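Below you'll find the structure, written out as structure tokens, and then a few comments.
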Amino acid sequence: MNIVVNVILAVQMLTALGMIGLILIQHGKGADMGAAFGSGGSGSLFGASGSANFLSRTTAVLAAVFFVSTLALAYFGNVRPAGTGSVLEGTPAAAVPAPAASAPASVPAAPAAPASGAGQIPTK
């Protein structure tokens, strides 16, 4: 199962890099307006409007693959073998020291609070 997770993770990273590249290549909506008035080359490898359709469809396919691979990684991340419970059940209990019966003689006792309220913060 570890190999499957590694393959899905590799697919996810490659689709993410592909989407980043395709999104950076695509023209914005304002670029078509500029090309209509003569600025910029209107001829391209895919034709006048073919590049927008091809790039946007390819980006949509890569986004779908990225989404499916993310769901698969989330599923495989939560799957546990049958018969196992929590992750914490297999860990040994931490040894907690028992509280001391009496305080050591070297620790001074806390002073008694004054009865008149002299140690309190005044309020308005």
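Starting from 1 in every chain, residues are counted up; chains themselves are A, B, ... following the order of the structure tokens, and ligands are numbered from 1 as listed.
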
Which neighbours of segment 3-16 of chain A fall inside 6 Å, counting only C-alpha atoms, when residues of the same chain fewer than 6 positions from it are skipped, and could you give them as an mmCIF file with all heavy atoms, in the first residue's frame?
data_model
loop_
_atom_site.group_PDB
_atom_site.id
_atom_site.type_symbol
_atom_site.label_atom_id
_atom_site.label_comp_id
_atom_site.auth_asym_id
_atom_site.auth_seq_id
_atom_site.Cartn_x
_atom_site.Cartn_y
_atom_site.Cartn_z
ATOM 1 N N LEU A 62 -6.471 18.476 -15.663
ATOM 2 C CA LEU A 62 -5.450 18.365 -14.622
ATOM 3 C C LEU A 62 -6.018 18.701 -13.245
ATOM 4 O O LEU A 62 -5.631 18.088 -12.244
ATOM 5 C CB LEU A 62 -4.259 19.272 -14.941
ATOM 6 C CG LEU A 62 -3.345 18.793 -16.070
ATOM 7 C CD1 LEU A 62 -2.231 19.802 -16.311
ATOM 8 C CD2 LEU A 62 -2.766 17.437 -15.764
ATOM 9 N N PHE A 66 -5.990 16.224 -10.103
ATOM 10 C CA PHE A 66 -5.443 16.688 -8.825
ATOM 11 C C PHE A 66 -6.461 16.480 -7.703
ATOM 12 O O PHE A 66 -6.116 16.036 -6.606
ATOM 13 C CB PHE A 66 -5.068 18.175 -8.940
ATOM 14 C CG PHE A 66 -4.469 18.749 -7.692
ATOM 15 C CD1 PHE A 66 -3.134 18.573 -7.412
ATOM 16 C CD2 PHE A 66 -5.244 19.476 -6.805
ATOM 17 C CE1 PHE A 66 -2.569 19.106 -6.259
ATOM 18 C CE2 PHE A 66 -4.698 20.003 -5.652
ATOM 19 C CZ PHE A 66 -3.358 19.821 -5.385
ATOM 20 N N SER A 69 -6.731 12.714 -6.911
ATOM 21 C CA SER A 69 -5.548 12.233 -6.193
ATOM 22 C C SER A 69 -5.527 12.757 -4.754
ATOM 23 O O SER A 69 -5.082 12.057 -3.842
ATOM 24 C CB SER A 69 -4.268 12.617 -6.932
ATOM 25 O OG SER A 69 -4.108 14.012 -6.960
#

ask   = Do you have the atom CA of Gly77 of chain A-atom CA of Val65 of chain A distance handy?
value =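 About the pair atom CA of Gly77 of chain A and atom CA of Val65 of chain A: they are 18.0 Å apart.
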
request  = Kindly give the distance, in Å, that separates atom CA of Leu24 of chain A and atom CA of Val61 of chain A, rounded to a single decimal.
outcome  =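 These two atoms are separated by 16.1 Å.
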
ask   = Taking into account only C-alpha atoms, which residue in the set A:Thr70, A:Asn2, A:Thr59, A:Asn78 is nearest to Ile20 of chain A?
value =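 Ranking A:Thr70, A:Asn2, A:Thr59, A:Asn78 by distance to Ile20 of chain A, first place goes to A:Thr59.
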
request  = Could you check how far atom CA of Gly21 of chain A sits from atom CA of Thr58 of chain A, in Å to one decimal?
outcome  =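 Result for atom CA of Gly21 of chain A versus atom CA of Thr58 of chain A: 11.1 Å, one decimal.
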